[in-house]
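Engineer: To be precise about what I am sending: the file is called upload-v9.cif and holds mmCIF, C-alpha atoms.
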data_start
loop_
_atom_site.label_atom_id
_atom_site.label_comp_id
_atom_site.auth_asym_id
_atom_site.auth_seq_id
_atom_site.Cartn_x
_atom_site.Cartn_y
_atom_site.Cartn_z
CA MET B 296 14.25 0.52 16.75
CA PRO B 297 12.59 3.96 16.45
CA ASP B 298 8.99 4.21 17.60
CA CYS B 299 7.99 6.14 14.50
CA LEU B 300 9.08 6.10 10.90
CA LEU B 301 9.22 9.80 10.16
CA HIS B 302 7.69 13.19 10.82
CA LEU B 303 6.75 15.30 7.83
CA LEU B 304 7.80 18.89 8.36
CA GLN B 305 5.48 21.89 8.05
CA LEU B 306 7.77 24.37 6.30
CA PRO B 307 7.12 28.12 5.89
CA PHE B 308 6.90 29.49 2.37
CA SER B 309 10.28 31.21 2.63
CA VAL B 310 12.01 27.87 3.32
CA VAL B 311 10.17 26.17 0.46
CA ALA B 312 11.17 28.99 -1.87
CA SER B 313 14.81 28.65 -0.75
CA LEU B 314 14.78 24.89 -1.35
CA ASN B 315 13.35 25.44 -4.82
CA GLY B 316 15.81 28.27 -5.50
CA VAL B 317 18.91 26.25 -4.66
CA HIS B 318 17.65 23.44 -6.90
CA MET B 319 17.09 25.86 -9.80
CA PHE B 320 20.55 27.39 -9.27
CA GLY B 321 22.15 23.96 -9.44
CA LYS B 322 20.23 23.19 -12.60
CA SER B 323 21.50 26.39 -14.23
CA GLN B 324 25.03 25.18 -13.48
CA SER B 325 24.32 21.70 -14.92
CA VAL B 326 24.27 20.19 -11.44
CA VAL B 327 21.51 17.77 -10.43
CA LEU B 328 20.58 18.24 -6.77
CA ARG B 329 18.90 15.04 -5.56
CA SER B 330 19.04 15.19 -1.76
CA THR B 331 20.68 16.65 1.29
CA SER B 332 20.48 15.92 5.01
CA THR B 333 21.26 17.24 8.45
CA GLN B 334 21.44 15.35 11.73
CA GLU B 335 17.63 15.31 11.93
CA THR B 336 16.20 16.15 8.51
CA THR B 337 16.38 14.72 5.00
CA VAL B 338 15.37 16.79 1.96
CA VAL B 339 14.77 15.19 -1.45
CA TRP B 340 14.14 16.85 -4.83
CA LYS B 341 12.70 15.05 -7.83
CA VAL B 342 11.87 16.31 -11.34
CA TRP B 343 9.57 14.80 -13.99
CA GLU B 344 9.46 15.65 -17.69
CA ASP B 345 11.67 18.66 -16.98
CA SER B 346 8.57 20.56 -15.85
CA VAL B 347 7.28 19.23 -12.50
CA THR B 348 9.50 19.51 -9.43
CA LEU B 349 8.50 17.98 -6.09
CA ILE B 350 10.30 18.56 -2.79
CA VAL B 351 9.89 16.67 0.47
CA ALA B 352 11.53 17.30 3.87
CA ALA B 353 11.16 14.88 6.76
CA CYS B 354 12.74 13.68 9.98
CA GLY B 355 13.68 10.05 10.49
CA ALA B 356 13.14 8.97 6.88
CA SER B 357 15.52 7.36 4.43
CA GLU B 358 16.17 8.90 1.04
CA MET B 359 14.78 5.73 -0.56
CA LEU B 360 11.45 6.09 1.23
CA LEU B 361 11.13 9.78 0.39
CA ASN B 362 11.82 9.03 -3.27
CA GLN B 363 9.02 6.48 -3.15
CA LEU B 364 6.71 9.09 -1.63
CA LEU B 365 7.48 11.66 -4.32
CA THR B 366 6.93 9.08 -7.07
CA SER B 367 3.55 8.20 -5.58
CA VAL B 368 2.57 11.88 -5.27
CA PHE B 369 3.43 12.49 -8.92
CA ASN B 370 1.48 9.40 -9.97
CA VAL B 371 -1.57 10.66 -8.07
CA MET B 372 -1.45 13.88 -10.09
CA VAL B 373 -1.12 11.91 -13.34
CA LEU B 374 -4.05 9.73 -12.23
CA ALA B 375 -6.22 12.82 -11.86
CA VAL B 376 -5.36 14.98 -14.89
CA GLY B 377 -3.10 12.94 -17.19
CA ILE B 378 0.53 13.41 -18.11
CA ASP B 379 -0.11 15.88 -20.96
CA GLU B 380 -2.16 18.30 -18.88
CA LEU B 381 0.24 18.04 -15.95
CA CYS B 382 3.49 18.62 -17.81
CA SER B 383 2.36 21.10 -20.44
CA ALA B 384 -0.23 23.14 -18.58
CA ARG B 385 -0.50 26.67 -19.90
CA ASN B 386 -2.74 27.86 -17.06
CA ALA B 387 -1.17 27.14 -13.66
CA GLU B 388 -4.19 28.33 -11.66
CA ARG B 389 -6.54 26.08 -13.61
CA LEU B 390 -4.21 23.12 -13.04
CA LYS B 391 -4.18 23.83 -9.30
CA ARG B 392 -7.98 23.75 -9.22
CA GLU B 393 -8.08 20.48 -11.14
CA LEU B 394 -5.56 18.93 -8.77
CA ARG B 395 -7.76 19.61 -5.73
CA VAL B 396 -9.41 16.25 -6.30
CA CYS B 397 -6.03 14.72 -5.42
CA TYR B 398 -6.02 16.04 -1.85
CA PRO B 399 -7.77 13.06 -0.18
CA LEU B 400 -5.42 10.64 -1.93
CA LEU B 401 -2.38 12.73 -1.02
CA ASP B 402 -3.49 12.71 2.62
CA ARG B 403 -3.62 8.93 2.53
CA LEU B 404 -0.14 8.74 1.00
CA LEU B 405 1.23 11.01 3.72
CA GLU B 406 -0.38 8.75 6.32
CA CYS B 407 1.65 5.90 4.80
CA VAL B 408 4.83 7.52 6.10
CA ASP B 409 3.77 9.90 8.88
CA VAL B 410 2.85 7.93 12.00
CA THR B 411 3.05 10.89 14.39
CA SER B 412 -0.27 12.43 13.38
CA SER B 413 -2.57 12.63 16.39
CA ASP B 414 -5.71 12.10 14.32
CA ARG B 415 -4.32 9.16 12.38
CA ALA B 416 -6.79 6.29 12.09
CA ALA B 417 -6.01 3.46 14.48
CA ASN B 418 -6.19 0.82 11.75
CA CYS B 419 -4.22 2.75 9.12
CA SER B 420 -0.68 1.48 8.69
CA ASP B 421 -0.10 1.46 4.98
CA LEU B 422 2.89 0.85 2.69
CA LEU B 423 3.83 2.89 -0.36
CA GLY B 424 3.76 1.25 -3.77
CA LEU B 425 2.01 -1.92 -2.54
CA VAL B 426 -1.70 -2.74 -2.42
CA GLU B 427 -3.15 -4.20 0.78
CA VAL B 428 -4.98 -7.53 0.52
CA THR B 429 -7.14 -9.68 2.75
CA LEU B 430 -7.08 -13.50 2.77
CA CYS B 431 -10.60 -14.86 3.24
CA GLN B 432 -11.59 -18.51 3.31
CA GLU B 433 -14.18 -17.60 0.67
CA ASN B 434 -11.69 -16.09 -1.79
CA HIS B 435 -11.76 -19.10 -4.14
CA LEU B 436 -15.53 -18.67 -4.49
CA LEU B 437 -15.30 -14.90 -4.88
CA GLN B 438 -12.68 -15.26 -7.61
CA SER B 439 -15.06 -16.96 -10.03
CA LEU B 440 -17.76 -14.38 -9.27
CA VAL B 441 -15.40 -11.47 -9.98
CA ASP B 442 -14.24 -13.04 -13.26
CA THR B 443 -17.87 -13.52 -14.37
CA TRP B 444 -18.89 -9.99 -13.35
CA ALA B 445 -15.89 -8.41 -15.11
CA GLU B 446 -16.77 -10.26 -18.31
CA CYS B 447 -20.37 -9.00 -18.08
CA VAL B 448 -19.23 -5.37 -17.84
CA ASP B 449 -16.70 -5.89 -20.64
CA SER B 450 -13.64 -5.24 -18.49
CA LEU B 451 -10.33 -7.05 -18.11
CA TYR B 452 -9.58 -5.23 -14.86
CA GLY B 453 -11.99 -6.15 -12.08
CA PHE B 454 -11.33 -6.31 -8.34
CA LEU B 455 -13.28 -6.81 -5.10
CA LEU B 456 -12.57 -4.56 -2.12
CA ILE B 457 -13.40 -5.59 1.45
CA ARG B 458 -12.95 -2.66 3.84
CA GLY B 459 -10.47 -1.07 1.42
CA ARG B 460 -8.42 -4.24 0.98
CA VAL B 461 -8.31 -6.31 -2.20
CA ALA B 462 -9.77 -9.77 -1.71
CA VAL B 463 -9.63 -11.08 -5.29
CA ALA B 464 -9.11 -9.60 -8.76
CA THR B 465 -8.91 -10.66 -12.39
CA SER B 466 -5.58 -11.86 -13.74
CA SER B 467 -5.19 -8.76 -15.94
CA TRP B 468 -5.67 -6.47 -12.94
CA TRP B 469 -2.74 -8.14 -11.21
CA GLN B 470 -0.62 -7.35 -14.29
CA LEU B 471 -1.00 -3.61 -13.69
CA ASP B 472 1.88 -1.77 -12.10
CA PRO B 473 1.75 -2.10 -8.27
CA GLU B 474 1.54 1.68 -7.98
CA GLU B 475 -1.55 1.73 -10.20
CA MET B 476 -3.23 -1.03 -8.19
CA LYS B 477 -2.43 0.84 -5.00
CA LEU B 478 -3.85 4.16 -6.17
CA LEU B 479 -7.00 2.66 -7.69
CA ALA B 480 -7.82 0.84 -4.44
CA LEU B 481 -7.11 4.01 -2.43
CA LEU B 482 -9.27 6.11 -4.75
CA VAL B 483 -12.28 3.85 -4.26
CA SER B 484 -11.68 3.87 -0.49
CA VAL B 485 -11.56 7.66 -0.19
CA GLU B 486 -14.79 7.97 -2.17
CA GLY B 487 -16.52 6.43 0.85
CA THR B 488 -19.43 4.03 0.94
CA CYS B 489 -21.42 5.54 -1.93
CA THR B 490 -23.79 3.24 -3.79
CA ALA B 491 -21.93 3.67 -7.08
CA CYS B 492 -19.31 5.93 -8.61
CA ASP B 493 -17.84 6.55 -12.07
CA ILE B 494 -14.47 8.33 -12.08
CA PRO B 495 -12.22 9.16 -15.07
CA VAL B 496 -8.65 8.06 -14.33
CA PHE B 497 -5.33 7.98 -16.14
CA LEU B 498 -3.07 5.02 -15.36
CA PRO B 499 0.39 6.51 -14.63
CA CYS B 500 2.30 3.59 -16.21
CA LYS B 501 -0.11 1.84 -18.59
CA SER B 502 -2.09 4.77 -20.00
CA PRO B 503 -0.91 8.21 -18.75
CA ALA B 504 -2.46 10.10 -21.69
CA VAL B 505 -5.73 8.23 -22.41
CA PRO B 506 -8.26 7.92 -19.56
CA PHE B 507 -10.16 4.88 -18.36
CA ARG B 508 -13.36 4.90 -16.32
CA LEU B 509 -13.07 3.55 -12.78
CA VAL B 510 -16.53 2.25 -11.86
CA ALA B 511 -17.40 0.91 -8.41
CA CYS B 512 -20.62 -0.44 -6.94
CA GLY B 513 -21.34 -1.05 -3.27
CA LEU B 514 -22.53 -4.59 -2.58
CA VAL B 515 -23.02 -5.06 1.16
CA GLY B 516 -21.46 -3.37 4.19
CA GLY B 517 -17.93 -2.25 3.38
CA ILE B 518 -17.61 -4.35 0.21
CA GLN B 519 -17.31 -2.85 -3.28
CA ILE B 520 -16.89 -4.39 -6.71
CA CYS B 521 -14.78 -2.28 -9.07
CA ALA B 522 -13.52 -2.30 -12.65
CA LEU B 523 -11.68 -0.25 -15.24
CA CYS B 524 -13.90 0.30 -18.28
CA GLY B 525 -13.91 2.13 -21.58
CA PRO B 526 -16.71 4.46 -22.75
CA SER B 527 -19.28 1.73 -22.20
CA PRO B 528 -21.25 0.31 -20.45
CA PRO B 529 -22.95 3.21 -18.63
CA LEU B 530 -22.97 3.22 -14.85
CA THR B 531 -26.67 2.32 -14.66
CA GLU B 532 -26.00 -0.86 -16.62
CA VAL B 533 -23.01 -1.70 -14.41
CA GLU B 534 -25.26 -1.36 -11.35
CA HIS B 535 -27.89 -3.62 -12.90
CA VAL B 536 -25.31 -6.28 -13.82
CA SER B 537 -23.83 -6.10 -10.32
CA ILE B 538 -27.21 -6.82 -8.73
CA GLN B 539 -27.79 -9.78 -11.04
CA CYS B 540 -24.33 -11.27 -10.54
CA TRP B 541 -24.03 -10.84 -6.77
CA LYS B 542 -27.55 -11.20 -5.40
CA GLY B 543 -26.99 -14.91 -4.72
CA ALA B 544 -23.64 -14.35 -2.97
CA ILE B 545 -24.64 -12.02 -0.13
CA ASP B 546 -24.01 -14.65 2.56
CA VAL B 547 -20.59 -15.42 1.09
CA LEU B 548 -19.69 -11.72 1.07
CA ARG B 549 -20.78 -11.23 4.68
CA ALA B 550 -18.78 -14.28 5.74
CA ALA B 551 -15.70 -12.91 3.94
CA GLU B 552 -16.10 -9.53 5.68
CA GLN B 553 -15.73 -11.24 9.06
CA CYS B 554 -11.98 -11.54 8.39
CA PHE B 555 -11.64 -7.79 9.02
CA PRO B 556 -9.58 -6.46 10.78
CA ARG B 557 -7.57 -9.68 11.16
CA ASN B 558 -7.28 -10.02 7.36
CA PHE B 559 -6.94 -13.81 7.39
CA PRO B 560 -9.32 -16.60 8.43
CA PRO B 561 -9.95 -17.48 12.08
CA SER B 562 -9.06 -21.07 11.17
CA ILE B 563 -5.41 -19.94 11.15
CA GLN B 564 -4.46 -19.59 14.82
CA LEU B 565 -1.30 -17.62 15.58
CA ASP B 566 1.01 -18.52 18.43
CA ASN B 567 0.34 -16.57 21.64
CA GLY B 568 3.80 -15.02 21.38
CA VAL B 569 2.98 -13.42 18.01
CA MET B 570 1.83 -9.81 18.37
CA GLY B 571 1.49 -8.97 14.67
CA LEU B 572 2.70 -9.85 11.20
CA LEU B 573 3.40 -8.28 7.83
CA LEU B 574 3.45 -10.43 4.67
CA VAL B 575 4.81 -8.84 1.48
CA ASP B 576 5.15 -10.06 -2.11
CA HIS B 577 7.17 -7.49 -4.04
CA GLN B 578 6.77 -9.19 -7.38
CA ALA B 579 2.97 -9.19 -7.13
CA GLY B 580 2.97 -5.74 -5.48
CA LYS B 581 0.81 -6.69 -2.48
CA PHE B 582 0.98 -6.98 1.30
CA LEU B 583 -1.05 -8.23 4.26
CA LEU B 584 -0.84 -6.57 7.67
CA SER B 585 -2.40 -7.96 10.84
CA ARG B 586 -2.10 -8.06 14.58
CA ASN B 587 -2.87 -11.03 16.84
CA GLN B 588 -6.26 -10.32 18.43
CA ARG B 589 -5.60 -12.89 21.17
CA THR B 590 -2.71 -10.85 22.59
CA ASP B 591 -4.71 -7.61 22.86
CA ALA B 592 -5.21 -8.18 26.58
CA GLY B 593 -3.59 -9.96 29.47
CA LYS B 594 0.12 -9.59 28.74
CA LYS B 595 2.56 -6.96 29.91
CA GLU B 596 4.21 -6.77 26.48
CA SER B 597 0.85 -6.35 24.81
CA ARG B 598 -0.16 -3.54 27.13
CA SER B 599 3.07 -1.70 26.32
CA LEU B 600 2.20 -1.67 22.61
CA SER B 601 -1.23 -0.65 21.39
CA GLY B 602 -2.67 -2.31 18.31
CA ALA B 603 -1.81 0.64 16.06
CA HIS B 604 1.66 0.90 17.59
CA ARG B 605 2.35 -2.76 16.82
CA LEU B 606 1.58 -2.19 13.16
CA ASP B 607 3.86 0.85 13.13
CA VAL B 608 6.72 -1.15 14.67
CA LEU B 609 6.24 -3.84 12.04
CA ARG B 610 6.24 -1.27 9.26
CA THR B 611 9.39 0.39 10.60
CA PHE B 612 11.14 -2.98 10.85
CA TYR B 613 10.07 -3.79 7.29
CA HIS B 614 11.53 -0.56 5.90
CA GLN B 615 14.80 -1.24 7.71
CA VAL B 616 15.22 -4.80 6.44
CA ALA B 617 13.55 -4.63 3.01
CA ALA B 618 16.60 -3.14 1.29
CA THR B 619 18.69 -5.99 2.70
CA PHE B 620 16.31 -8.72 1.60
CA MET B 621 15.12 -7.34 -1.73
CA ASN B 622 17.69 -5.91 -4.12
CA GLN B 623 16.91 -2.25 -4.62
CA SER B 624 16.87 -1.16 -8.24
CA SER B 625 18.95 2.00 -8.56
CA GLY B 626 17.80 2.42 -12.15
CA ASN B 627 14.11 2.06 -11.43
CA SER B 628 13.53 5.28 -9.52
CA GLU B 629 10.40 6.04 -11.53
CA GLY B 630 8.77 2.71 -10.68
CA ALA B 631 6.00 2.32 -8.13
CA ALA B 632 7.92 -0.06 -5.92
CA ALA B 633 11.59 0.45 -5.16
CA TYR B 634 12.39 -3.22 -5.14
CA GLU B 635 13.05 -5.91 -7.70
CA GLN B 636 12.83 -9.66 -7.50
CA PRO B 637 15.77 -10.90 -5.41
CA VAL B 638 18.50 -12.43 -7.52
CA THR B 639 21.81 -12.44 -5.71
CA SER B 640 21.05 -11.35 -2.14
CA PRO B 641 22.20 -14.11 0.23
CA ALA B 642 20.12 -12.83 3.15
CA LEU B 643 17.25 -15.14 4.12
CA GLU B 644 16.34 -14.05 7.65
CA THR B 645 17.17 -11.55 10.36
CA TYR B 646 15.87 -10.42 13.75
CA TRP B 647 15.87 -7.41 16.06
CA CYS B 648 15.44 -7.33 19.83
CA SER B 649 14.29 -4.60 22.20
CA GLU B 650 13.17 -4.45 25.83
CA TYR B 651 9.48 -4.97 25.07
CA HIS B 652 9.39 -6.89 21.79
CA LYS B 653 11.35 -8.75 19.13
CA CYS B 654 11.06 -8.79 15.35
CA HIS B 655 11.94 -11.60 12.97
CA ALA B 656 11.94 -11.53 9.14
CA LEU B 657 12.07 -14.51 6.79
CA ARG B 658 12.38 -14.37 3.01
CA HIS B 659 11.17 -17.12 0.69
CA GLY B 660 11.46 -16.27 -3.02
CA THR B 661 9.75 -12.93 -3.58
CA THR B 662 7.79 -13.22 -0.33
CA LEU B 663 8.94 -11.56 2.90
CA LEU B 664 7.28 -12.24 6.26
CA CYS B 665 7.98 -9.91 9.20
CA VAL B 666 6.65 -11.02 12.59
CA LEU B 667 6.44 -9.02 15.83
CA TYR B 668 6.92 -11.14 18.98
CA ALA B 669 6.65 -10.59 22.70
CA SER B 670 10.07 -10.11 24.29
CA ALA B 671 9.78 -13.37 26.24
CA VAL B 672 9.78 -15.53 23.07
CA PRO B 673 13.22 -17.18 22.60
CA ILE B 674 15.08 -16.44 19.37
CA HIS B 675 15.21 -20.07 18.25
CA THR B 676 11.44 -20.37 18.81
CA MET B 677 10.78 -17.25 16.69
CA ARG B 678 12.38 -18.92 13.70
CA LEU B 679 10.16 -22.00 13.94
CA ILE B 680 6.97 -19.98 14.45
CA THR B 681 7.76 -17.67 11.51
CA GLN B 682 8.38 -20.63 9.20
CA ARG B 683 5.11 -22.28 10.24
CA THR B 684 3.13 -19.04 9.90
CA LEU B 685 4.51 -18.40 6.40
CA LYS B 686 3.46 -21.90 5.35
CA PHE B 687 -0.07 -21.43 6.72
CA LEU B 688 -0.61 -18.09 4.95
CA THR B 689 0.87 -18.93 1.54
CA GLY B 690 0.23 -22.67 1.29
CA ASP B 691 -3.59 -22.67 1.31
CA LYS B 692 -4.73 -22.27 -2.33
CA GLN B 693 -8.25 -21.28 -1.22
CA LEU B 694 -6.89 -18.06 0.29
CA CYS B 695 -5.52 -16.96 -3.12
CA TRP B 696 -2.30 -15.37 -1.85
#
Could the structure of this file be written out as structure tokens, please?

Structural biologist:
Amino acid sequence: MPDCLLHLLQLPFSVVASLNGVHMFGKSQSVVLRSTSTQETTVVWKVWEDSVTLIVAACGASEMLLNQLLTSVFNVMVLAVGIDELCSARNAERLKRELRVCYPLLDRLLECVDVTSSDRAANCSDLLGLVEVTLCQENHLLQSLVDTWAECVDSLYGFLLIRGRVAVATSSWWQLDPEEMKLLALLVSVEGTCTACDIPVFLPCKSPAVPFRLVACGLVGGIQICALCGPSPPLTEVEHVSIQCWKGAIDVLRAAEQCFPRNFPPSIQLDNGVMGLLLVDHQAGKFLLSRNQRTDAGKKESRSLSGAHRLDVLRTFYHQVAATFMNQSSGNSEGAAAYEQPVTSPALETYWCSEYHKCHALRHGTTLLCVLYASAVPIHTMRLITQRTLKFLTGDKQLCW
């Protein structure tokens, strides 16, 4: 298993111009150039609305993953300026200036696939097209509070972020496209810990031409309550309603924040052989990523893999097995996630072994659990532990998975 997923290449302008030129030449000859590869590098081209062309070149990445990246990059641009302005811009320089607000989001998307960056945050190990969640013991209480708050601000789309991860959200918010949920959560995260913000956004799938308002209010610590609104209510009223609705729940919020960075309650104890886990629901468009805090010290296998490295190994394993477990939709290249609900795939589980660790994946319906184990754990024991862990994480209704 490779130690890293890919390395995004820093290409000189002359190479970029050549890549664009060969694509334009093919187009003039009625040839669609989608991708090419060498022994080390993969290059992918993608065109939207016959006006926007994106090119990515990377080492160690699959064509599927790079297509996902380009789709997400395009959706970020739509989120910022709308599909009409993006695809029919008459002033290219003005469009470039307007797209500068996308840079922080684009950096986060690149971090989703580039794990070689030396300044990469130790706790950042994201997945494209899926929103990260946290399972708190208090989620069932927070759910009713979010529903009440969203109704007070006249919004169908409300969600609660704890350290950048979605804890609970309204039912309508979960009906958004996974790519939209992902980008909205990222946008609030990159805005930092401001008291309140009000940002115009276009939803790439639901409303690419008519903007919503993304409003967010800081509650306590790294917790923010967010919603998509129309022209009203004003931000000052949203802040006032937030204070009224949440002032009696401060202790609950602080208790829920204690799940970070584990992302699930301390009442769920993982086996000592488990080094980390990744839980994914493709149909709902969400994932949970965690490492076992109890194995951070004292074991040879643990010392060989840092906490961030464990998450990267899990993510790499996931990308390798996801296409096997979840039927990839060849006709859904414009979608946020490159997977559909499994229908005919017979694969239910698989495992990989290396000198220092093992990985095991188990599929149940639309849910996929990938677990990283110490190398000393026997293969037959991995299967039992994975099954038990999946039951613990998805079976408790209070966690709201």

Engineer: So that I can see what lies close to Asp576 (chain B), please list as a list of chain:residue names the residues with an atom at most 7 Å from it, counting all atoms listed in the file and leaving out residues fewer than 5 positions away in the same chain.

Structural biologist: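 Surrounding residues, per the criterion: B:Lys581, B:Phe582, B:Thr661, B:Thr662, B:Leu663.
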
Engineer: Output as JSON lines one row per residue of region 413-487 of chain B within 6 Å of region 517-532 of chain B: the closest atom pair and its distance in Å to one decimal place, counting only C-alpha atoms, sorted by chain and residue number ascending.

Structural biologist:
{"residue": "B:Ser450", "atom": "CA", "partner": "B:Cys524", "partner_atom": "CA", "distance": 5.6}
{"residue": "B:Tyr452", "atom": "CA", "partner": "B:Ala522", "partner_atom": "CA", "distance": 5.4}
{"residue": "B:Gly453", "atom": "CA", "partner": "B:Ala522", "partner_atom": "CA", "distance": 4.2}
{"residue": "B:Phe454", "atom": "CA", "partner": "B:Cys521", "partner_atom": "CA", "distance": 5.4}
{"residue": "B:Leu455", "atom": "CA", "partner": "B:Ile520", "partner_atom": "CA", "distance": 4.6}
{"residue": "B:Leu456", "atom": "CA", "partner": "B:Gln519", "partner_atom": "CA", "distance": 5.2}
{"residue": "B:Ile457", "atom": "CA", "partner": "B:Ile518", "partner_atom": "CA", "distance": 4.6}
{"residue": "B:Arg458", "atom": "CA", "partner": "B:Gly517", "partner_atom": "CA", "distance": 5.0}

Engineer: Name the closest residue to Asn434 (chain B) among the candidates B:Val515, B:Leu548, B:Val448, B:Cys354; distances are taken between atoms, counting only C-alpha atoms.

Structural biologist: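 Looking only at the distances to Asn434 (chain B), the closest residue turns out to be B:Leu548.
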
Engineer: Which residues would end up in the selection if the PyMOL selection byres ((chain B and resi 536-538) around 9) were applied here, given that I need the answer as a count of residues only?

Structural biologist: 15

Engineer: Given the file shown, enumerate the residues that the PyMOL selection byres ((chain B and resi 322-334) around 10) captures and present them as number ranges by chain.

Structural biologist: B: 316-321, 335-342, 350-355, 357-358, 361-362

Engineer: Here is a test: counting all atoms listed in the file, which residue of B:Ile674, B:Cys695, B:Val311, B:Leu565 is nearest to Ser439 (chain B)?

Structural biologist: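 Of the candidates, the smallest distance to Ser439 (chain B) is held by B:Cys695.
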
Engineer: Check the smallest atom-to-atom distance from each of B:Val608, B:Pro506, B:Leu349, B:Leu401 to Asn315 (chain B) using all atoms listed in the file, then report the winner.

Structural biologist: B:Leu349

Engineer: Would you pick out the contacts of region 570-575 of chain B at 7 Å or less, using all atoms listed in the file, so that residues sharing its chain but fewer than 4 positions from it are not included, and give the list as a list in words?

Structural biologist: Lys581, Phe582, Leu583, Leu584, Ser585, Arg586, Asn587, Thr590, Arg605, Leu606, Leu609, Thr662, Leu663, Leu664, Cys665, Val666, Leu667, Tyr668 and Ala669 of chain B

Engineer: Report, in Å to a single decimal, how far apart CA of Ala550 (chain B) and CA of Leu400 (chain B) are.

Structural biologist: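 Atom-to-atom, CA of Leu400 (chain B) to CA of Ala550 (chain B), that is 29.3 Å.
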
Engineer: Name the residues that the PyMOL selection byres ((chain B and resi 466) around 12) picks from the file above, as a list in words, using the file's chain letters and numbers.

Structural biologist: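 When the PyMOL selection byres ((chain B and resi 466) around 12) is applied to the shown file, the picked residues are Gln438, Ser439, Val441, Asp442, Ala445, Ser450, Leu451, Tyr452, Gly453, Phe454, Val463, Ala464, Thr465, Ser467, Trp468, Trp469, Gln470, Leu471, Ala579 and Cys695 of chain B.
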
Engineer: Give me a file of those residues, with C-alpha atoms, as a PDB file, in the frame of the given file.

Structural biologist:
ATOM      1  CA  GLN B 438     -12.680 -15.260  -7.610  1.00  0.00           C
ATOM      2  CA  SER B 439     -15.060 -16.960 -10.030  1.00  0.00           C
ATOM      3  CA  VAL B 441     -15.400 -11.470  -9.980  1.00  0.00           C
ATOM      4  CA  ASP B 442     -14.240 -13.040 -13.260  1.00  0.00           C
ATOM      5  CA  ALA B 445     -15.890  -8.410 -15.110  1.00  0.00           C
ATOM      6  CA  SER B 450     -13.640  -5.240 -18.490  1.00  0.00           C
ATOM      7  CA  LEU B 451     -10.330  -7.050 -18.110  1.00  0.00           C
ATOM      8  CA  TYR B 452      -9.580  -5.230 -14.860  1.00  0.00           C
ATOM      9  CA  GLY B 453     -11.990  -6.150 -12.080  1.00  0.00           C
ATOM     10  CA  PHE B 454     -11.330  -6.310  -8.340  1.00  0.00           C
ATOM     11  CA  VAL B 463      -9.630 -11.080  -5.290  1.00  0.00           C
ATOM     12  CA  ALA B 464      -9.110  -9.600  -8.760  1.00  0.00           C
ATOM     13  CA  THR B 465      -8.910 -10.660 -12.390  1.00  0.00           C
ATOM     14  CA  SER B 467      -5.190  -8.760 -15.940  1.00  0.00           C
ATOM     15  CA  TRP B 468      -5.670  -6.470 -12.940  1.00  0.00           C
ATOM     16  CA  TRP B 469      -2.740  -8.140 -11.210  1.00  0.00           C
ATOM     17  CA  GLN B 470      -0.620  -7.350 -14.290  1.00  0.00           C
ATOM     18  CA  LEU B 471      -1.000  -3.610 -13.690  1.00  0.00           C
ATOM     19  CA  ALA B 579       2.970  -9.190  -7.130  1.00  0.00           C
ATOM     20  CA  CYS B 695      -5.520 -16.960  -3.120  1.00  0.00           C
TER      21      CYS B 695
END

Engineer: Report, as AutoDock Vina command-line options, the centre and edge lengths in Å (one decimal) of the axis-aligned box enclosing every listed atom of region 682-692 of chain B, padded by 6 Å on each side.

Structural biologist:
--center_x 1.8 --center_y -20.4 --center_z 4.0 --size_x 25.1 --size_y 16.6 --size_z 24.6
